[in-house]
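Let me begin by presenting the structure, written as structure tokens, before commenting on it.
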Amino acid sequence: MPSFDEARSLLLKMFAAAVDAAKAETTLPPALPEPEDGGRIVLLAAGKGAGAMTEVAEAVYLDKFRLPPGRLAGLAVTRHGYARPTRQIEMIEAGHPVPDEAGRMASARAIELAKGAGPGDHVVVLLSGGGSANWSAPVDGVSFAEKQDLTRALLKSGATIDEINTVRKHLSLIKGGRLAAALGNGARLTTLAVSDVPHDDPAVIASGPTVPDPTTLADARAVIERYRIAIPASVRDALADSANETPKPGDALFERTRYRLVARPQISLDAAGEIAQRAGYEAIQLGDSIEGEARDVAADHARRAAALAREGRKAVLLSGGELTVTIRGDGRGGPNQEYALALAIALDGHPAVAALAGDTDGTDGGSGAADDPAGAIIDPLTLSKAKAFDLDAAAFLSRNDSTAFFGAIGDLVRPGPTMTNVNDFRVVLIDNSLDRQQ
């Protein structure tokens with residue numbers, strides 16, 4: 001008969017296993033291309049995993065392949081707080097989710113490094129979630145401040161990551177295949193990516209800087225209209241300018257490129273499922289690409305959990321994907337924390353259910369700081385603890401203030417930067433033998 005504390009410990013162990021399964025030190029080395037005689041390896045990295053991916057790749061090329069330092073060049077840009085020590089490749093920290101000047105400058109330099117690659121050189125692009133913000137170079141006619149404002153509006157609108165990236169790609173000099181288009185004559189390009197998006201679509205991961213873009217300027221304009229986002233004339237003009245259309249599937253420029261996923265959300269769900277099964281739980285996979293409003297998905301999962309409890313099942317519900325939050329209040333939080341709060345309310349202290357929701361990159365929404373929480377954990381006592389502090393869970397949810405709610409009752413999950421990113425991780429544990437006293 002496990003105690004609530006033991007259930008929480010198991011949930012945290014599953015989250016740790018999910019993160020570890022996607023780390024660069026295990027996933028990246030087998031995929032790195034061997035250097036050719038005489039040519040350079042040019043490493044270009046962007047995203048929350050860029051620090052760890054660059055650190056690992058640099059070690060492989062310098063130590064395993066014994067590549068002379070003069071034949072290794074490149075630049076890495078990652079979110080503030082996610083840098084790793086490197087010996088040769090410069091590491092830049094930049095803003096996320098809203099881009100900043102450091103990211104803009106890193107984008108320009110990455111484009112120049114790609115252009116400067118020549119015959120015999122191999123450009124190796126290391127991509128992970130967050131790359132869309134870290135590599136942000138606006139098209140001509142759109143100011144960087146305008147692009148920042150548009151990013152904020154899109155993030156608050158409730159638009160999906162696919163929709164957000166559709167807009168960003170058509171306002172960027174590097175996204176939507178444009179980095180590949182900048183590749184110098186005679187050079188080759190390999191992209192090694194960590195997927196943080198539903199369905200693992202290369203055109204969506206970090207806004208697809210090295211792959212064909214199936215979306216169009218018309219699609220981008222439709223997103224703006226669908227979510228009624230106010231845009232300045234410069235952005236409106238840019239989204240109507242055919243010069244800003246992205247390279248499409250079938251374009252000959254992609255003949256010199258290859259693309260490989262080295263980590264994806266499913267491997268993390270599988271790793272967590274193995275932990276659950278060893279603890280005697282049935283692992284029920286709901287999918288690694290779940291999308292939707294966080295509170296709506298939470299209500300559905302609460303119903304599923306209650307049904308399993310009525311059947312007497314000892315199980316965990318595992319799911320990934322990217323949930324959205326339509327901001328209506330003035331609080332702080334993210335989709336994982338909002339999901340956890342909505343789940344606790346829907347379960348209303350159900351005695352057989354505990355859960356954890358967290359972003360595998362270590363931070364969930366919030367201020368953009370590296371020490372933002374990754375998510376939150378709940379159990380049958382969550383609402384009663386809140387009441388003891390005179391906290392109204394529904395009121396916190398209505399103003400999108402999940403961070404303050406879970407912070408007050410001590411149930412935030414704070415692993416810090418994990419140096420990887422395979423999107424949201426959710427586990428709901430169902431066990432009728434849970435015992436608060438043991």
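To be explicit about the labels: the chains of the structure tokens are called A, B, and onward in the order shown, and within each one the residues are counted from 1, while ligands get numbers from 1 in the order they are shown.
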
Excluding A:Asn134 and any residue of its chain fewer than 6 positions from it, enumerate the residues within 8 Å of it, using only C-alpha atoms, and give them as number ranges by chain.
A: 46-47, 77-79, 94-96, 99-100, 103-104, 106-107

Show me, as a Markdown table, the residues of stretch 51-159 of chain A having an atom within 12 Å of stretch 244-251 of chain A, each with the closest atom pair and its distance in Å, using only C-alpha atoms.
```
| residue | atom | partner | partner_atom | distance |
| --- | --- | --- | --- | --- |
| A:Pro138 | CA | A:Asn244 | CA | 10.4 |
| A:Val139 | CA | A:Asn244 | CA | 7.4 |
| A:Asp140 | CA | A:Asn244 | CA | 9.1 |
| A:Gly141 | CA | A:Asn244 | CA | 10.9 |
| A:Val142 | CA | A:Asn244 | CA | 11.4 |
```

Could those residues be written to a file, using all heavy atoms, as a compact mmCIF listing (two decimals), in the first residue's frame?
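Saved to selection-v4.txt:
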```txt
# COMPACT_ATOMS: atom_id res chain seq x y z
N PRO A 138 14.78 39.16 -38.57
CA PRO A 138 13.60 39.58 -39.34
C PRO A 138 13.93 39.92 -40.79
O PRO A 138 15.04 40.34 -41.11
CB PRO A 138 13.10 40.82 -38.58
CG PRO A 138 14.29 41.32 -37.84
CD PRO A 138 15.11 40.12 -37.51
N VAL A 139 12.94 39.74 -41.64
CA VAL A 139 13.09 40.10 -43.05
C VAL A 139 13.18 41.61 -43.19
O VAL A 139 12.84 42.37 -42.27
CB VAL A 139 11.90 39.57 -43.88
CG1 VAL A 139 11.85 38.05 -43.87
CG2 VAL A 139 10.58 40.15 -43.37
N ASP A 140 13.63 42.04 -44.35
CA ASP A 140 13.75 43.48 -44.62
C ASP A 140 12.39 44.16 -44.47
O ASP A 140 11.36 43.63 -44.91
CB ASP A 140 14.28 43.71 -46.03
CG ASP A 140 15.73 43.27 -46.18
OD1 ASP A 140 16.41 43.12 -45.15
OD2 ASP A 140 16.17 43.07 -47.33
N GLY A 141 12.40 45.32 -43.85
CA GLY A 141 11.19 46.10 -43.69
C GLY A 141 10.48 45.89 -42.37
O GLY A 141 9.57 46.66 -42.02
N VAL A 142 10.84 44.83 -41.63
CA VAL A 142 10.24 44.55 -40.32
C VAL A 142 11.31 44.76 -39.26
O VAL A 142 12.39 44.16 -39.33
CB VAL A 142 9.69 43.11 -40.24
CG1 VAL A 142 9.17 42.81 -38.83
CG2 VAL A 142 8.59 42.92 -41.27
```

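Of note, atom CA of A:Val42 and atom CA of A:Val211 are spaced 17.9 Å apart.
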
Contacts of A:Asn432 within 8 Å, only C-alpha atoms, excl. fewer than 3 positions in-chain, as a PyMOL selection string:
chain A and resi 309+312-314+351-353

If you keep C-alpha atoms, can you produce a file of those selected residues as a compact mmCIF listing (two decimals), in the first residue's frame?
```txt
# COMPACT_ATOMS: atom_id res chain seq x y z
CA ALA A 309 -10.04 3.80 -10.62
CA GLY A 312 -9.82 -1.16 -9.98
CA ARG A 313 -6.90 -0.69 -12.38
CA LYS A 314 -3.42 0.09 -11.10
CA PRO A 351 -8.25 9.45 -3.26
CA ALA A 352 -6.70 7.19 -5.90
CA VAL A 353 -5.02 9.69 -8.24
```

So which residues of stretch 233-407 of chain A fall under helix (DSSP H, G or I) by DSSP, listed as JSON, numbers by chain?
{"A": [233, 234, 235, 236, 237, 238, 242, 243, 244, 252, 253, 254, 255, 256, 265, 266, 267, 268, 269, 270, 271, 272, 273, 274, 275, 276, 277, 278, 294, 295, 296, 297, 298, 299, 300, 301, 302, 303, 304, 305, 306, 307, 308, 309, 310, 335, 336, 337, 338, 339, 340, 341, 342, 343, 344, 345, 346, 347, 382, 383, 384, 385, 386, 387, 388, 393, 394, 395, 396, 397, 398, 402, 403, 404, 405, 406, 407]}

Tell me which of A:Val235, A:Leu183, A:Ala76, A:Leu155 sits closest to A:Pro97, counting only C-alpha atoms.
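Checking each of A:Val235, A:Leu183, A:Ala76, A:Leu155 against A:Pro97, counting only C-alpha atoms, the winner is A:Leu155.
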
Tell me, counting only C-alpha atoms, for each residue of stretch 310-356 of chain A within 10 Å of stretch 388-401 of chain A, which pair of atoms is nearest and how far apart they are in Å to one decimal, in rows ordered by chain and increasing number, as CSV.
```
residue,atom,partner,partner_atom,distance
A:Val325,CA,A:Asn400,CA,8.3
A:Thr326,CA,A:Asn400,CA,8.7
A:Ile327,CA,A:Asn400,CA,6.7
A:Arg328,CA,A:Arg399,CA,6.3
A:Gly329,CA,A:Arg399,CA,3.7
A:Asp330,CA,A:Arg399,CA,5.8
A:Gly331,CA,A:Asp401,CA,3.9
A:Arg332,CA,A:Asp401,CA,4.8
A:Gly333,CA,A:Asp401,CA,5.7
A:Gly334,CA,A:Asn400,CA,8.3
A:Pro335,CA,A:Asn400,CA,9.6
A:Gln337,CA,A:Asp401,CA,8.9
A:Glu338,CA,A:Leu397,CA,7.0
A:Tyr339,CA,A:Leu397,CA,9.6
A:Leu341,CA,A:Leu397,CA,6.9
A:Ala342,CA,A:Leu397,CA,7.0
A:Ala344,CA,A:Ala393,CA,8.6
A:Ile345,CA,A:Ala393,CA,7.1
```

What would the file look like if the residues just selected were written as a tab-separated table (two decimals), in the first residue's frame with all heavy atoms?
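So selection-v6.tsv came out as:
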```
chain	number	residue	atom	x	y	z
A	325	VAL	N	-2.32	27.59	-23.73
A	325	VAL	CA	-3.05	28.35	-22.72
A	325	VAL	C	-3.47	29.67	-23.35
A	325	VAL	O	-2.63	30.42	-23.84
A	325	VAL	CB	-2.19	28.63	-21.47
A	325	VAL	CG1	-2.94	29.55	-20.50
A	325	VAL	CG2	-1.81	27.33	-20.77
A	326	THR	N	-4.75	29.91	-23.36
A	326	THR	CA	-5.25	31.21	-23.80
A	326	THR	C	-5.23	32.15	-22.59
A	326	THR	O	-5.93	31.91	-21.60
A	326	THR	CB	-6.67	31.10	-24.36
A	326	THR	OG1	-6.66	30.18	-25.47
A	326	THR	CG2	-7.16	32.45	-24.85
A	327	ILE	N	-4.39	33.17	-22.65
A	327	ILE	CA	-4.18	34.04	-21.50
A	327	ILE	C	-5.37	35.00	-21.35
A	327	ILE	O	-5.66	35.80	-22.23
A	327	ILE	CB	-2.88	34.85	-21.64
A	327	ILE	CG1	-1.69	33.91	-21.85
A	327	ILE	CG2	-2.68	35.74	-20.42
A	327	ILE	CD1	-1.43	32.99	-20.69
A	328	ARG	N	-6.04	34.87	-20.21
A	328	ARG	CA	-7.15	35.78	-19.91
A	328	ARG	C	-6.90	36.57	-18.62
A	328	ARG	O	-7.55	37.57	-18.37
A	328	ARG	CB	-8.45	34.99	-19.77
A	328	ARG	CG	-8.85	34.24	-21.03
A	328	ARG	CD	-10.17	33.49	-20.84
A	328	ARG	NE	-10.60	32.83	-22.07
A	328	ARG	CZ	-10.23	31.61	-22.42
A	328	ARG	NH1	-9.45	30.90	-21.62
A	328	ARG	NH2	-10.66	31.07	-23.55
A	329	GLY	N	-5.97	36.08	-17.82
A	329	GLY	CA	-5.68	36.75	-16.55
A	329	GLY	C	-4.30	37.37	-16.56
A	329	GLY	O	-3.63	37.44	-17.60
A	330	ASP	N	-3.85	37.79	-15.38
A	330	ASP	CA	-2.57	38.47	-15.27
A	330	ASP	C	-1.57	37.69	-14.43
A	330	ASP	O	-0.59	38.24	-13.93
A	330	ASP	CB	-2.76	39.86	-14.67
A	330	ASP	CG	-3.42	39.81	-13.29
A	330	ASP	OD1	-3.78	38.70	-12.82
A	330	ASP	OD2	-3.59	40.88	-12.68
A	331	GLY	N	-1.82	36.38	-14.27
A	331	GLY	CA	-0.94	35.58	-13.44
A	331	GLY	C	0.25	35.02	-14.20
A	331	GLY	O	0.49	35.36	-15.36
A	332	ARG	N	1.01	34.15	-13.52
A	332	ARG	CA	2.17	33.50	-14.11
A	332	ARG	C	1.94	32.00	-14.13
A	332	ARG	O	1.33	31.44	-13.23
A	332	ARG	CB	3.44	33.81	-13.32
A	332	ARG	CG	4.02	35.18	-13.57
A	332	ARG	CD	5.35	35.32	-12.82
A	332	ARG	NE	6.28	34.27	-13.19
A	332	ARG	CZ	7.39	34.00	-12.50
A	332	ARG	NH1	7.67	34.67	-11.41
A	332	ARG	NH2	8.20	33.04	-12.90
A	333	GLY	N	2.49	31.37	-15.16
A	333	GLY	CA	2.36	29.93	-15.26
A	333	GLY	C	2.77	29.47	-16.63
A	333	GLY	O	3.43	30.17	-17.38
A	334	GLY	N	2.39	28.26	-16.96
A	334	GLY	CA	2.66	27.67	-18.26
A	334	GLY	C	1.68	26.54	-18.47
A	334	GLY	O	0.89	26.20	-17.57
A	335	PRO	N	1.68	25.92	-19.64
A	335	PRO	CA	0.69	24.89	-19.92
A	335	PRO	C	0.74	23.69	-19.00
A	335	PRO	O	-0.30	23.10	-18.69
A	335	PRO	CB	1.00	24.50	-21.38
A	335	PRO	CG	2.36	25.02	-21.65
A	335	PRO	CD	2.53	26.22	-20.79
A	337	GLN	N	1.75	23.66	-15.74
A	337	GLN	CA	1.21	24.05	-14.44
A	337	GLN	C	-0.30	24.28	-14.53
A	337	GLN	O	-1.04	23.91	-13.61
A	337	GLN	CB	1.91	25.31	-13.95
A	337	GLN	CG	3.40	25.10	-13.68
A	337	GLN	CD	4.13	26.42	-13.58
A	337	GLN	OE1	4.10	27.07	-12.53
A	337	GLN	NE2	4.78	26.84	-14.66
A	338	GLU	N	-0.75	24.88	-15.62
A	338	GLU	CA	-2.18	25.09	-15.78
A	338	GLU	C	-2.92	23.76	-15.90
A	338	GLU	O	-4.01	23.58	-15.34
A	338	GLU	CB	-2.46	25.98	-17.00
A	338	GLU	CG	-3.94	26.21	-17.25
A	338	GLU	CD	-4.30	27.66	-17.55
A	338	GLU	OE1	-3.56	28.57	-17.14
A	338	GLU	OE2	-5.35	27.86	-18.15
A	339	TYR	N	-2.33	22.82	-16.64
A	339	TYR	CA	-2.90	21.48	-16.73
A	339	TYR	C	-3.02	20.85	-15.35
A	339	TYR	O	-4.07	20.28	-14.99
A	339	TYR	CB	-2.03	20.61	-17.64
A	339	TYR	CG	-2.29	19.12	-17.56
A	339	TYR	CD1	-3.19	18.50	-18.43
A	339	TYR	CD2	-1.63	18.33	-16.64
A	339	TYR	CE1	-3.43	17.14	-18.37
A	339	TYR	CE2	-1.86	16.96	-16.56
A	339	TYR	CZ	-2.76	16.37	-17.43
A	339	TYR	OH	-2.98	15.01	-17.35
A	341	LEU	N	-3.14	22.26	-12.38
A	341	LEU	CA	-4.14	22.93	-11.56
A	341	LEU	C	-5.55	22.54	-11.99
A	341	LEU	O	-6.42	22.24	-11.16
A	341	LEU	CB	-3.95	24.44	-11.64
A	341	LEU	CG	-4.91	25.32	-10.84
A	341	LEU	CD1	-4.98	24.89	-9.39
A	341	LEU	CD2	-4.51	26.80	-10.96
A	342	ALA	N	-5.79	22.55	-13.30
A	342	ALA	CA	-7.11	22.16	-13.80
A	342	ALA	C	-7.41	20.69	-13.49
A	342	ALA	O	-8.55	20.33	-13.18
A	342	ALA	CB	-7.19	22.39	-15.31
A	344	ALA	N	-6.26	18.98	-10.86
A	344	ALA	CA	-6.58	18.89	-9.43
A	344	ALA	C	-8.02	19.31	-9.16
A	344	ALA	O	-8.74	18.68	-8.37
A	344	ALA	CB	-5.61	19.76	-8.63
A	345	ILE	N	-8.46	20.38	-9.83
A	345	ILE	CA	-9.83	20.85	-9.64
A	345	ILE	C	-10.82	19.81	-10.16
A	345	ILE	O	-11.83	19.50	-9.51
A	345	ILE	CB	-10.02	22.20	-10.35
A	345	ILE	CG1	-9.19	23.29	-9.65
A	345	ILE	CG2	-11.49	22.59	-10.38
A	345	ILE	CD1	-9.12	24.60	-10.41
```

Spatial neighbours of A:Phe15, 9 Å, only C-alpha atoms, chain gap at least 5 places, as a PyMOL selection string:
chain A and resi 10+20+268+272+356-358+360+425-427

Could you save the residues just selected, with C-alpha atoms, as a PDB file, in the first residue's frame?
```pdb
ATOM      1  CA  LEU A  10       7.625   7.485  -8.354  1.00  0.00           C
ATOM      2  CA  ASP A  20      17.511  11.365 -19.283  1.00  0.00           C
ATOM      3  CA  SER A 268      10.855   9.707 -23.142  1.00  0.00           C
ATOM      4  CA  ALA A 272       8.892   6.526 -18.064  1.00  0.00           C
ATOM      5  CA  LEU A 356       2.888  15.263 -12.507  1.00  0.00           C
ATOM      6  CA  ALA A 357       3.088  17.557 -15.517  1.00  0.00           C
ATOM      7  CA  GLY A 358       6.367  19.118 -16.549  1.00  0.00           C
ATOM      8  CA  THR A 360      11.259  18.263 -20.283  1.00  0.00           C
ATOM      9  CA  PHE A 425       5.572  15.208 -20.171  1.00  0.00           C
ATOM     10  CA  ARG A 426       2.467  14.200 -18.233  1.00  0.00           C
ATOM     11  CA  VAL A 427       1.866  11.182 -16.033  1.00  0.00           C
TER      12      VAL A 427
END
```

Shortest interatomic distance to A:His122 - which of A:Leu32, A:Ala404, A:Ile224, A:Leu154, counting only C-alpha atoms
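Nearest to A:His122: A:Leu32.
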
Of the residues A:Asp379, A:Asp63, A:Glu55, A:Asp348, which is the one nearest to A:Met91, using only C-alpha atoms?
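Looking at the shortest contact to A:Met91, the residue is A:Glu55.
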
Which of these residues is nearest to A:Glu101, using only C-alpha atoms: A:Leu11, A:Arg71, A:Ser143, A:Ser433?
A:Ser143

Using DSSP secondary structure from the backbone, list all strand (DSSP E or B) positions within stretch 241-322 of chain A, as a ChimeraX atom specification.
/A:257-263,282-293,315-322

How about saving the chosen residues, N, CA, C and O atoms kept, as an mmCIF file, in the first residue's frame?
```cif
data_model
loop_
_atom_site.group_PDB
_atom_site.id
_atom_site.type_symbol
_atom_site.label_atom_id
_atom_site.label_comp_id
_atom_site.auth_asym_id
_atom_site.auth_seq_id
_atom_site.Cartn_x
_atom_site.Cartn_y
_atom_site.Cartn_z
ATOM 1 N N THR A 257 21.467 18.352 -48.647
ATOM 2 C CA THR A 257 21.171 18.307 -47.218
ATOM 3 C C THR A 257 20.586 16.957 -46.807
ATOM 4 O O THR A 257 19.998 16.252 -47.627
ATOM 5 N N ARG A 258 20.777 16.622 -45.551
ATOM 6 C CA ARG A 258 20.114 15.464 -44.966
ATOM 7 C C ARG A 258 19.641 15.847 -43.561
ATOM 8 O O ARG A 258 20.182 16.774 -42.943
ATOM 9 N N TYR A 259 18.674 15.098 -43.057
ATOM 10 C CA TYR A 259 18.030 15.442 -41.781
ATOM 11 C C TYR A 259 17.786 14.164 -40.990
ATOM 12 O O TYR A 259 17.324 13.163 -41.529
ATOM 13 N N ARG A 260 18.090 14.216 -39.691
ATOM 14 C CA ARG A 260 17.879 13.047 -38.835
ATOM 15 C C ARG A 260 17.424 13.492 -37.451
ATOM 16 O O ARG A 260 18.004 14.413 -36.863
ATOM 17 N N LEU A 261 16.391 12.837 -36.948
ATOM 18 C CA LEU A 261 15.971 13.056 -35.562
ATOM 19 C C LEU A 261 16.793 12.159 -34.646
ATOM 20 O O LEU A 261 16.878 10.945 -34.864
ATOM 21 N N VAL A 262 17.397 12.748 -33.633
ATOM 22 C CA VAL A 262 18.185 11.952 -32.691
ATOM 23 C C VAL A 262 17.431 11.692 -31.396
ATOM 24 O O VAL A 262 17.791 10.795 -30.616
ATOM 25 N N ALA A 263 16.388 12.465 -31.134
ATOM 26 C CA ALA A 263 15.552 12.239 -29.945
ATOM 27 C C ALA A 263 14.172 12.782 -30.236
ATOM 28 O O ALA A 263 14.019 13.791 -30.920
ATOM 29 N N GLU A 282 0.402 -0.674 -14.792
ATOM 30 C CA GLU A 282 0.118 -0.783 -16.209
ATOM 31 C C GLU A 282 0.388 0.580 -16.844
ATOM 32 O O GLU A 282 -0.113 1.600 -16.375
ATOM 33 N N ALA A 283 1.191 0.601 -17.894
ATOM 34 C CA ALA A 283 1.534 1.863 -18.564
ATOM 35 C C ALA A 283 0.626 2.041 -19.773
ATOM 36 O O ALA A 283 0.702 1.281 -20.737
ATOM 37 N N ILE A 284 -0.230 3.055 -19.720
ATOM 38 C CA ILE A 284 -1.176 3.328 -20.799
ATOM 39 C C ILE A 284 -0.715 4.586 -21.524
ATOM 40 O O ILE A 284 -0.686 5.678 -20.953
ATOM 41 N N GLN A 285 -0.330 4.420 -22.785
ATOM 42 C CA GLN A 285 0.176 5.536 -23.576
ATOM 43 C C GLN A 285 -0.990 6.226 -24.293
ATOM 44 O O GLN A 285 -1.707 5.599 -25.072
ATOM 45 N N LEU A 286 -1.142 7.507 -24.035
ATOM 46 C CA LEU A 286 -2.187 8.294 -24.705
ATOM 47 C C LEU A 286 -1.672 9.007 -25.948
ATOM 48 O O LEU A 286 -2.458 9.596 -26.682
ATOM 49 N N GLY A 287 -0.358 8.963 -26.175
ATOM 50 C CA GLY A 287 0.215 9.597 -27.354
ATOM 51 C C GLY A 287 1.202 10.689 -27.001
ATOM 52 O O GLY A 287 1.097 11.321 -25.947
ATOM 53 N N ASP A 288 2.153 10.912 -27.895
ATOM 54 C CA ASP A 288 3.186 11.925 -27.649
ATOM 55 C C ASP A 288 2.918 13.236 -28.386
ATOM 56 O O ASP A 288 3.770 14.121 -28.402
ATOM 57 N N SER A 289 1.735 13.356 -28.982
ATOM 58 C CA SER A 289 1.446 14.541 -29.803
ATOM 59 C C SER A 289 0.114 15.188 -29.442
ATOM 60 O O SER A 289 -0.582 15.731 -30.316
ATOM 61 N N ILE A 290 -0.259 15.121 -28.175
ATOM 62 C CA ILE A 290 -1.540 15.689 -27.758
ATOM 63 C C ILE A 290 -1.467 17.211 -27.772
ATOM 64 O O ILE A 290 -0.531 17.814 -27.246
ATOM 65 N N GLU A 291 -2.459 17.820 -28.385
ATOM 66 C CA GLU A 291 -2.566 19.274 -28.425
ATOM 67 C C GLU A 291 -3.930 19.678 -27.877
ATOM 68 O O GLU A 291 -4.826 18.862 -27.719
ATOM 69 N N GLY A 292 -4.082 20.960 -27.608
ATOM 70 C CA GLY A 292 -5.350 21.467 -27.107
ATOM 71 C C GLY A 292 -5.159 22.373 -25.919
ATOM 72 O O GLY A 292 -4.046 22.515 -25.387
ATOM 73 N N GLU A 293 -6.241 23.017 -25.497
ATOM 74 C CA GLU A 293 -6.204 23.891 -24.325
ATOM 75 C C GLU A 293 -5.892 23.064 -23.090
ATOM 76 O O GLU A 293 -6.477 22.001 -22.857
ATOM 77 N N ALA A 315 -2.614 1.770 -12.656
ATOM 78 C CA ALA A 315 -2.090 2.176 -13.951
ATOM 79 C C ALA A 315 -1.533 3.588 -13.910
ATOM 80 O O ALA A 315 -1.765 4.346 -12.951
ATOM 81 N N VAL A 316 -0.794 3.922 -14.965
ATOM 82 C CA VAL A 316 -0.387 5.304 -15.198
ATOM 83 C C VAL A 316 -0.801 5.687 -16.614
ATOM 84 O O VAL A 316 -0.707 4.880 -17.543
ATOM 85 N N LEU A 317 -1.283 6.898 -16.757
ATOM 86 C CA LEU A 317 -1.586 7.482 -18.058
ATOM 87 C C LEU A 317 -0.408 8.365 -18.453
ATOM 88 O O LEU A 317 -0.068 9.315 -17.734
ATOM 89 N N LEU A 318 0.221 8.068 -19.577
ATOM 90 C CA LEU A 318 1.377 8.818 -20.041
ATOM 91 C C LEU A 318 1.020 9.573 -21.310
ATOM 92 O O LEU A 318 0.403 9.014 -22.223
ATOM 93 N N SER A 319 1.432 10.833 -21.371
ATOM 94 C CA SER A 319 1.164 11.606 -22.581
ATOM 95 C C SER A 319 2.192 12.709 -22.761
ATOM 96 O O SER A 319 2.816 13.185 -21.811
ATOM 97 N N GLY A 320 2.375 13.089 -24.029
ATOM 98 C CA GLY A 320 3.248 14.199 -24.375
ATOM 99 C C GLY A 320 2.537 15.100 -25.360
ATOM 100 O O GLY A 320 1.331 14.988 -25.582
ATOM 101 N N GLY A 321 3.274 15.986 -25.977
ATOM 102 C CA GLY A 321 2.682 16.931 -26.913
ATOM 103 C C GLY A 321 2.898 18.350 -26.446
ATOM 104 O O GLY A 321 3.757 18.618 -25.599
ATOM 105 N N GLU A 322 2.124 19.253 -26.968
ATOM 106 C CA GLU A 322 2.265 20.661 -26.587
ATOM 107 C C GLU A 322 0.888 21.273 -26.400
ATOM 108 O O GLU A 322 0.159 21.499 -27.359
#
```

Across A:Val197, A:Gly49, A:Arg303, A:Arg66, the smallest distance to A:Thr27, with only C-alpha atoms counted, is shown by A:Gly49

Can you tell me, as a list in words, what residues are no more than 9 Å from A:Leu239 when counting only C-alpha atoms, ignoring any on the same chain fewer than 2 positions away?
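Final neighbour list, sorted by chain and number: Val167, His170, Leu171, Leu217, Ala218, Ala220, Arg221, Ser234, Val235, Arg236, Asp237, Asp241, Ser242, Asn244 and Glu245 of chain A.
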
Restricting the calculation to only C-alpha atoms, which member of A:Leu113, A:Gly273, A:Gly368, A:Tyr82 is positioned closest to A:Ala17?
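Of all the options, A:Gly273 lies closest to A:Ala17.
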
Separation of atom CA of A:Asn185 and atom CA of A:Gly118, in Å?
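Between these atoms lies a distance of 5.7 Å.
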